[in-house]
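Encoded as structure tokens, the structure appears first; notes follow it.
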Protein chains: 2
Amino acid sequence: MKKTLLISAASLFTLGFSAPLLADAHVEQSADTSLDEVANAALENDAYAWEFVEGVTTEVGPRQAGTEAEARGRAWAVQWLTDHGFDNVADEPFEMTTWVPGDIARARVTAPFAQDMVILPLGNSVATPIGGMEAEVVFFRTVDELRAAPDGSLDGKIAYISHQMRRSMDGSHYGFAGPARWVASGIASSKGAVATVIKSVGTDHHRNPHVGGTGWPEGVTPTPAGALSLPDAENLERMFERADGRAITMRIELNPESIGTTMSGNVVGEIVGRNPSLPPVLLACHLDSWWNAPGAFDDGAGCGIAAAAALNVQKTGQPLRTIRVLFAGAEEVGLFGSTAYSAAHIDEPIGVGLESDFGADRVWRFESNFRETNPDLHARLAGAIAQFGVANSTIRASGGADLNILRDQGGAIIDLQQDGTRYFDLHHTPDDTLDKIDPVQLRQNVAVWTMVAGILANESGSIQTGGPIPSAPATAGE
Amino acid sequence: MKKTLLISAASLFTLGFSAPLLADAHVEQSADTSLDEVANAALENDAYAWEFVEGVTTEVGPRQAGTEAEARGRAWAVQWLTDHGFDNVADEPFEMTTWVPGDIARARVTAPFAQDMVILPLGNSVATPIGGMEAEVVFFRTVDELRAAPDGSLDGKIAYISHQMRRSMDGSHYGFAGPARWVASGIASSKGAVATVIKSVGTDHHRNPHVGGTGWPEGVTPTPAGALSLPDAENLERMFERADGRAITMRIELNPESIGTTMSGNVVGEIVGRNPSLPPVLLACHLDSWWNAPGAFDDGAGCGIAAAAALNVQKTGQPLRTIRVLFAGAEEVGLFGSTAYSAAHIDEPIGVGLESDFGADRVWRFESNFRETNPDLHARLAGAIAQFGVANSTIRASGGADLNILRDQGGAIIDLQQDGTRYFDLHHTPDDTLDKIDPVQLRQNVAVWTMVAGILANESGSIQTGGPIPSAPATAGE
């Protein structure tokens, strides 16, 4: 249908309509047509997203929040955006309280079946004594089992908490298994445990622990907390089956520490629209990664997808609205960048926000939070990306971690859900490397994002309502 | 056909034949019939092999040759064989020169793209200076490229050697890619390199290096040598593409050492035959593993398969010949156990030898070294295991690493080739864990081995020729 419209515009030209009208018709119609062509071209040969994620993983590598590595990542991203012609590129700094993992992470079952285990500290873990600590391990199959343990029953013990995480396309099992990491160490400490060891919250079977943040409730003393790789955790559980009443003892040594306040930052860049006074389209991702993970899937790919979409939309001509990319800092350790961005820009309305932060496998479902208030736009977007295998959905979009500003402003949000079936094989592990990215699926992401960002960036009315934009002339500059 | 024979034996009984004849007929015929049944039962539900490999990986773990961990492995295996009713269980000690990996293995690209890399030392590597060493890295795509480098051209440099290993069912690409590990460090040292770093000889993409032995020619000074994981190696190669003439420098720190002479040993056990004077059937594997690898695929599974076959054959009645299992020590570091076993037992003829040491995936091809000299037996064996999906072959068996005694005696050898397609994903890595074993394929191995070992153990003539056994009465004790 859009190709038909282009022919119509051409026909108008031969019929001798006035230039201004023609120009308008041409811009309006060919923008759509061209967008479809550009998105389809991205599906076949987009190079931006791959170039970004290859570059940041190769030239920077892991980018732990608040460290010099994250700062190098920001400098690299600023350079990349500048080199690719983005406007208003900036590194917007903010302060954060920074935790670093240290360089010692050892675990060994000392009895009855002595062998080393692969462990890494969880974010916010405190250190063990130098030289390590040894204690009996108490096995909890689930966080609920741990909750049921009597107070004081873990005095002097190491709590080990398992779970059974399954692969799921929408990643919904993270909510089921995640508490083993999120809250178990706090619960265990409150019951007297001297340390907590968990089965990594992941779905793979490689000897690389999945890290991530944990925490302790107010008034509970933080204790050392680490994650075993899945094979190590399963091995430990087999030991319990075979121990025949004997105590299983483990020695662990971890030396993470909090280093106080350091700087992080949010990197932004823009494709400036024809009417910069219209609320921009915000394409978000995060630039930081855990120290152990090069952050290809999480979230180099997401930043590559967002940046590629902006550049591809620009190929169709200058968009009506500004497209802003936000490469947030310090997401992993507590959404510090997202919070700082919202605080700094809360008074500058955002038209709509999207985030890519669930790997690089294909987008399979489209969700918005304006399906009921702006059904026409929702339907147009869903219709435009159906060709890329994306299903429409009645689920209300809630937005990714780096879209705090949209939630704080009560703004329009779109979620382009990615296939997360293998996401938790790689999440927060050393295996989150470039080779895990399927270039074909990465390009499908770019095609979908290009189409969505292109439509949004040329909307003159309110994205939430379809009506006029409050305090901004709907057609100014057109 | 064999089931028909059992019915015939039963029919004989009802016809009132004399007890001795009947017993003979019953034993002879039902032994075959029973063997087929037992092998098929193993295919469905063998538990021995899994129990062994689960046990040794859970209760012992990695078993580096010459260390206390290998000694614990031997003690564990002696207990397991004893518990399962093997006769003449023994740990036959031998001395070896022992290398240990140390506990520091660090690599970091320091410029122009600073980031850590995952490295482990290669066997026989010497240590770096304490605190590490830093030098420019020179990239060689292949060992042949390294060979072509002028003498002295690597003075003060770290040589990095790549390769392109592909998966293959028969593992034949190990011969193509292996020299990067086997000889590159020797060549690099001879040209002045201060250290050698290789792309792991493997086919996976996980952040776990593949270790294994290397060496230096006579007169060449050993230098530190390590393997990067495949993703790290590929990342380093991308850095060379992007360095634009800048030197790539790397800091490495490794602290392996040779600790002199320690003890290793070969664990043996027997199902004693009805005629112990006949040369036994030797079922071999190795018990040691590299320090970083729990040794499930390499080679806990192999020992489990060999032991399971012996126990299953015994279910059909006492075999004619003794079946001896040999769990060799110190295979990984130079076939020390195989050599020691041959030296100790060279004067005791072995009837035939088989080894399982290529993982736990299905047996797909049958080879012997007596196809021309004893075609009847070769054909019977091939025919008996065709039902399990094993193809016959004209390739001459040469025997696994732990069959030195067969090669030294010029004896009969069978190779039951396993599907090695994913073997080099796991070979010599921390990922060589129990979860990688497919129980269905493991049982297929046991079924095939049970059938082959059962036929061999009931052969009264020479396995190599089909004729009388030299210096042993062919039917003694029958």
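Residue names in the structure tokens use chain letters A, B, ... in the order shown, residue numbers from 1 in each chain, and ligand numbers from 1 in the order shown.
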* Would you give me, as JSON, numbers by chain, the residues of chain A that come within 9 Å of chain B, using only C-alpha atoms? => {"A": [54, 57, 58, 59, 60, 61, 62, 69, 112, 113, 114, 115, 116, 205, 206, 207, 208, 231, 232, 234, 235, 236, 238, 239, 242, 430, 431, 432, 433, 434, 435, 436]}
* **Long-range neighbours of His286 of chain A as a ChimeraX atom specification, 7 Å cut-off, only C-alpha atoms, 4 positions minimum in chain** => /A:299,303,327-329,331
* **Straight-line distance linking atom CA of Ala330 of chain A with atom CA of Asn266 of chain A, stated in Å to one decimal** => 8.6 Å
* Do you have the atom CA of Val363 of chain B-atom CA of Gly212 of chain B distance handy? ->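 Calculated distance between atom CA of Val363 of chain B and atom CA of Gly212 of chain B is 24.7 Å.
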* Selected residue, from B:Asp425, B:Asp103, B:Asp151, B:Glu44, that lies nearest to Ser168 of chain B when counting only C-alpha atoms -> B:Asp425
* Write out as a count of residues only which residues come within 8 Å of Arg106 of chain B when counting only C-alpha atoms, dropping same-chain ones fewer than 2 positions away. => 11
* To do: Among the residues of segment 38-243 of chain A, find those DSSP assigns to strand (DSSP E) from the backbone and print them as number ranges by chain.
  => A: 87-100, 105-111, 115-117, 119-121, 133-140, 158-161, 195-199, 225-228
* Can you tell me, as a PyMOL selection string, what residues are no more than 12 Å from Thr223 of chain B when counting only C-alpha atoms, ignoring any on the same chain fewer than 4 positions away? -> chain B and resi 121-129+133+156-159+184-197+214-217+254-257
